[in-house]
>>> print(open('structure-v7.tsv').read())   # TSV, N, CA and C atoms
chain	number	residue	atom	x	y	z
R	1	MET	N	-11.31	-22.55	25.39
R	1	MET	CA	-10.92	-22.95	24.06
R	1	MET	C	-11.00	-21.78	23.08
R	2	LEU	N	-12.08	-21.01	23.18
R	2	LEU	CA	-12.23	-19.86	22.28
R	2	LEU	C	-11.15	-18.81	22.53
R	3	ARG	N	-10.77	-18.65	23.78
R	3	ARG	CA	-9.73	-17.66	24.10
R	3	ARG	C	-8.39	-18.05	23.47
R	4	ILE	N	-8.08	-19.33	23.50
R	4	ILE	CA	-6.83	-19.80	22.89
R	4	ILE	C	-6.85	-19.59	21.38
R	5	ILE	N	-7.98	-19.89	20.75
R	5	ILE	CA	-8.10	-19.68	19.30
R	5	ILE	C	-7.99	-18.20	18.96
R	6	ASN	N	-8.62	-17.34	19.75
R	6	ASN	CA	-8.55	-15.89	19.49
R	6	ASN	C	-7.13	-15.36	19.63
R	7	ILE	N	-6.42	-15.79	20.67
R	7	ILE	CA	-5.03	-15.34	20.86
R	7	ILE	C	-4.15	-15.85	19.73
R	8	THR	N	-4.37	-17.09	19.32
R	8	THR	CA	-3.59	-17.65	18.21
R	8	THR	C	-3.87	-16.90	16.92
R	9	GLU	N	-5.12	-16.53	16.68
R	9	GLU	CA	-5.46	-15.76	15.49
R	9	GLU	C	-4.77	-14.39	15.49
R	10	ILE	N	-4.71	-13.75	16.63
R	10	ILE	CA	-4.04	-12.45	16.71
R	10	ILE	C	-2.56	-12.58	16.41
R	11	ILE	N	-1.92	-13.61	16.98
R	11	ILE	CA	-0.49	-13.82	16.74
R	11	ILE	C	-0.23	-14.14	15.27
R	12	ILE	N	-1.06	-14.98	14.68
R	12	ILE	CA	-0.89	-15.32	13.26
R	12	ILE	C	-1.13	-14.10	12.38
R	13	ALA	N	-2.11	-13.27	12.73
R	13	ALA	CA	-2.37	-12.06	11.94
R	13	ALA	C	-1.18	-11.11	11.97
R	14	ILE	N	-0.56	-10.94	13.13
R	14	ILE	CA	0.61	-10.07	13.24
R	14	ILE	C	1.77	-10.63	12.43
R	15	CYS	N	1.99	-11.94	12.52
R	15	CYS	CA	3.07	-12.58	11.76
R	15	CYS	C	2.81	-12.48	10.26
R	16	LEU	N	1.54	-12.59	9.85
R	16	LEU	CA	1.19	-12.48	8.44
R	16	LEU	C	1.45	-11.08	7.91
R	17	VAL	N	1.09	-10.08	8.68
R	17	VAL	CA	1.34	-8.69	8.27
R	17	VAL	C	2.84	-8.44	8.12
R	18	VAL	N	3.62	-8.92	9.09
R	18	VAL	CA	5.07	-8.72	9.03
R	18	VAL	C	5.68	-9.44	7.83
R	19	SER	N	5.24	-10.67	7.58
R	19	SER	CA	5.81	-11.41	6.45
R	19	SER	C	5.44	-10.78	5.12
R	20	ILE	N	4.25	-10.22	5.00
R	20	ILE	CA	3.86	-9.54	3.76
R	20	ILE	C	4.63	-8.24	3.59
R	21	LEU	N	4.83	-7.51	4.67
R	21	LEU	CA	5.59	-6.27	4.56
R	21	LEU	C	7.05	-6.52	4.22
R	22	LEU	N	7.60	-7.60	4.67
R	22	LEU	CA	8.98	-7.93	4.33
R	22	LEU	C	9.14	-8.30	2.86
R	23	GLN	N	8.10	-8.81	2.24
R	23	GLN	CA	8.16	-9.19	0.83
R	23	GLN	C	8.20	-7.99	-0.09
R	24	ASN	N	7.57	-6.90	0.27
R	24	ASN	CA	7.42	-5.74	-0.61
R	24	ASN	C	8.52	-4.71	-0.44
R	25	LYS	N	9.75	-5.16	-0.22
R	25	LYS	CA	10.80	-4.18	0.05
R	25	LYS	C	11.18	-3.33	-1.16
R	26	GLY	N	10.96	-3.81	-2.39
R	26	GLY	CA	11.33	-3.02	-3.56
R	26	GLY	C	10.15	-2.62	-4.42
R	27	ALA	N	8.95	-2.74	-3.92
R	27	ALA	CA	7.78	-2.51	-4.76
R	27	ALA	C	7.01	-1.27	-4.34
R	28	GLY	N	7.71	-0.23	-3.94
R	28	GLY	CA	7.04	0.98	-3.48
R	28	GLY	C	6.43	1.78	-4.61
R	29	LEU	N	6.42	3.08	-4.47
R	29	LEU	CA	5.83	3.95	-5.48
R	29	LEU	C	6.73	4.18	-6.69
R	30	SER	N	7.93	3.62	-6.68
R	30	SER	CA	8.83	3.85	-7.81
R	30	SER	C	8.27	3.24	-9.09
R	31	GLY	N	7.52	2.14	-8.99
R	31	GLY	CA	6.91	1.53	-10.17
R	31	GLY	C	5.83	2.39	-10.77
R	32	THR	N	5.19	3.22	-9.96
R	32	THR	CA	4.13	4.10	-10.45
R	32	THR	C	4.70	5.19	-11.35
R	33	PHE	N	5.87	5.67	-11.02
R	33	PHE	CA	6.47	6.77	-11.77
R	33	PHE	C	7.50	6.29	-12.78
R	34	GLY	N	7.55	5.01	-13.06
R	34	GLY	CA	8.42	4.50	-14.10
R	34	GLY	C	9.82	4.15	-13.64
R	35	GLY	N	10.10	4.16	-12.36
R	35	GLY	CA	11.45	3.90	-11.89
R	35	GLY	C	11.68	2.47	-11.44
R	36	GLY	N	10.67	1.64	-11.54
R	36	GLY	CA	10.79	0.27	-11.04
R	36	GLY	C	11.40	-0.67	-12.05
R	37	PHE	N	11.88	-1.81	-11.58
R	37	PHE	CA	12.43	-2.85	-12.44
R	37	PHE	C	11.29	-3.65	-13.02
R	38	GLN	N	11.20	-3.72	-14.35
R	38	GLN	CA	10.08	-4.37	-15.01
R	38	GLN	C	10.41	-5.79	-15.45
R	39	GLY	N	11.60	-6.28	-15.19
R	39	GLY	CA	11.98	-7.61	-15.61
R	39	GLY	C	11.42	-8.69	-14.70
R	40	TYR	N	11.55	-9.92	-15.16
R	40	TYR	CA	11.07	-11.07	-14.39
R	40	TYR	C	12.25	-11.75	-13.74
R	41	TYR	N	12.11	-12.08	-12.49
R	41	TYR	CA	13.15	-12.84	-11.82
R	41	TYR	C	12.49	-13.84	-10.88
R	42	THR	N	13.20	-14.91	-10.61
R	42	THR	CA	12.65	-15.94	-9.73
R	42	THR	C	13.02	-15.62	-8.29
R	43	LYS	N	12.14	-15.98	-7.40
R	43	LYS	CA	12.39	-15.77	-5.98
R	43	LYS	C	13.28	-16.90	-5.47
R	44	ARG	N	14.29	-16.52	-4.71
R	44	ARG	CA	15.22	-17.51	-4.18
R	44	ARG	C	15.48	-17.23	-2.72
R	45	GLY	N	15.85	-18.26	-2.03
R	45	GLY	CA	16.29	-18.12	-0.65
R	45	GLY	C	15.20	-17.62	0.27
R	46	PHE	N	15.50	-16.52	0.95
R	46	PHE	CA	14.60	-15.99	1.97
R	46	PHE	C	13.30	-15.47	1.37
R	47	GLU	N	13.34	-14.90	0.15
R	47	GLU	CA	12.11	-14.43	-0.50
R	47	GLU	C	11.15	-15.58	-0.75
R	48	ARG	N	11.69	-16.69	-1.21
R	48	ARG	CA	10.86	-17.86	-1.48
R	48	ARG	C	10.26	-18.40	-0.17
R	49	PHE	N	11.08	-18.43	0.88
R	49	PHE	CA	10.59	-18.86	2.18
R	49	PHE	C	9.45	-17.96	2.65
R	50	LEU	N	9.59	-16.65	2.47
R	50	LEU	CA	8.55	-15.71	2.90
R	50	LEU	C	7.24	-15.93	2.15
R	51	VAL	N	7.32	-16.25	0.87
R	51	VAL	CA	6.11	-16.49	0.08
R	51	VAL	C	5.37	-17.71	0.61
R	52	PHE	N	6.10	-18.81	0.79
R	52	PHE	CA	5.46	-20.02	1.29
R	52	PHE	C	4.99	-19.87	2.73
R	53	PHE	N	5.75	-19.15	3.54
R	53	PHE	CA	5.36	-18.91	4.93
R	53	PHE	C	4.10	-18.05	4.99
R	54	SER	N	3.98	-17.07	4.09
R	54	SER	CA	2.77	-16.23	4.05
R	54	SER	C	1.55	-17.05	3.64
R	55	ILE	N	1.74	-17.95	2.68
R	55	ILE	CA	0.64	-18.81	2.25
R	55	ILE	C	0.20	-19.71	3.40
R	56	PHE	N	1.18	-20.27	4.12
R	56	PHE	CA	0.87	-21.12	5.27
R	56	PHE	C	0.13	-20.33	6.35
R	57	LEU	N	0.60	-19.13	6.66
R	57	LEU	CA	-0.05	-18.32	7.69
R	57	LEU	C	-1.46	-17.92	7.29
R	58	ALA	N	-1.65	-17.55	6.02
R	58	ALA	CA	-2.98	-17.15	5.57
R	58	ALA	C	-3.96	-18.31	5.63
R	59	SER	N	-3.53	-19.49	5.19
R	59	SER	CA	-4.43	-20.64	5.24
R	59	SER	C	-4.72	-21.06	6.68
R	60	THR	N	-3.73	-20.98	7.55
R	60	THR	CA	-3.95	-21.29	8.96
R	60	THR	C	-4.91	-20.30	9.59
R	61	PHE	N	-4.77	-19.03	9.24
R	61	PHE	CA	-5.67	-18.00	9.77
R	61	PHE	C	-7.11	-18.25	9.33
R	62	ILE	N	-7.29	-18.61	8.06
R	62	ILE	CA	-8.64	-18.87	7.55
R	62	ILE	C	-9.26	-20.09	8.24
R	63	ILE	N	-8.46	-21.14	8.42
R	63	ILE	CA	-8.97	-22.34	9.09
R	63	ILE	C	-9.35	-22.02	10.54
R	64	LEU	N	-8.52	-21.27	11.24
R	64	LEU	CA	-8.85	-20.90	12.62
R	64	LEU	C	-10.08	-20.01	12.69
R	65	ALA	N	-10.26	-19.13	11.71
R	65	ALA	CA	-11.44	-18.27	11.70
R	65	ALA	C	-12.71	-19.09	11.50
R	66	ILE	N	-12.64	-20.11	10.64
R	66	ILE	CA	-13.79	-20.97	10.43
R	66	ILE	C	-14.10	-21.78	11.68
R	67	ILE	N	-13.06	-22.31	12.33
R	67	ILE	CA	-13.26	-23.06	13.58
R	67	ILE	C	-13.85	-22.16	14.65
R	68	ASN	N	-13.36	-20.93	14.72
R	68	ASN	CA	-13.88	-19.96	15.69
R	68	ASN	C	-15.36	-19.68	15.43
R	69	LEU	N	-15.73	-19.54	14.18
R	69	LEU	CA	-17.13	-19.29	13.82
R	69	LEU	C	-18.02	-20.47	14.19
R	70	ILE	N	-17.55	-21.67	13.92
R	70	ILE	CA	-18.34	-22.87	14.24
R	70	ILE	C	-18.52	-23.01	15.76
R	71	LEU	N	-17.43	-22.82	16.51
R	71	LEU	CA	-17.52	-22.95	17.97
R	71	LEU	C	-18.38	-21.86	18.59
R	72	THR	N	-18.32	-20.66	18.04
R	72	THR	CA	-19.14	-19.56	18.56
R	72	THR	C	-20.62	-19.83	18.31
R	73	ASN	N	-20.95	-20.37	17.14
R	73	ASN	CA	-22.35	-20.66	16.84
R	73	ASN	C	-22.88	-21.82	17.67
R	74	LYS	N	-22.03	-22.78	18.00
R	74	LYS	CA	-22.48	-23.91	18.82
R	74	LYS	C	-22.69	-23.50	20.28
R	75	LEU	N	-21.89	-22.55	20.76
R	75	LEU	CA	-22.02	-22.12	22.13
R	75	LEU	C	-23.16	-21.13	22.35
R	76	SER	N	-23.59	-20.47	21.30
R	76	SER	CA	-24.66	-19.47	21.43
R	76	SER	C	-26.03	-20.09	21.45
>>> encode(input="structure-v7.tsv", output="structure tokens")
Amino acid sequence: MLRIINITEIIIAICLVVSILLQNKGAGLSGTFGGGFQGYYTKRGFERFLVFFSIFLASTFIILAIINLILTNKLS
């Protein structure tokens, strides 16, 4: 059971990193030097999906980490 949770956590962590990196496509160092867009815009389509998907992955990862901690303490 612990092995399945650990493998699932690794897969979710990789997916979370990828989804976060896909969101930051226009937020590089250009904002530091004054070249970035300072206006407000709403997220639509795929950007909005990535935000909600990242929130889902992060919460799932946290829940699995807590379950992993509880199971590890019970087995020890």
>>> atom_distance(input="structure-v7.tsv", atom1="atom N of Ile63 of chain R", atom2="atom N of Ile7 of chain R")
13.5 Å
>>> closest_residue(input="structure-v7.tsv", among="R:Ile14, R:Ile4, R:Leu69, R:Ile20", to="Phe52 of chain R", atoms="only C-alpha atoms")
R:Ile20
>>> atom_distance(input="structure-v7.tsv", atom1="atom CA of Leu22 of chain R", atom2="atom N of Ile67 of chain R")
27.5 Å
>>> axis_aligned_box(input="structure-v7.tsv", around="segment 20-24 of chain R", padding_each_side="6 Å", output="AutoDock Vina command-line options")
--center_x 6.5 --center_y -7.5 --center_z 2.2 --size_x 17.3 --size_y 17.5 --size_z 17.6
>>> atom_distance(input="structure-v7.tsv", atom1="atom CA of Phe53 of chain R", atom2="atom N of Asn68 of chain R")
21.2 Å
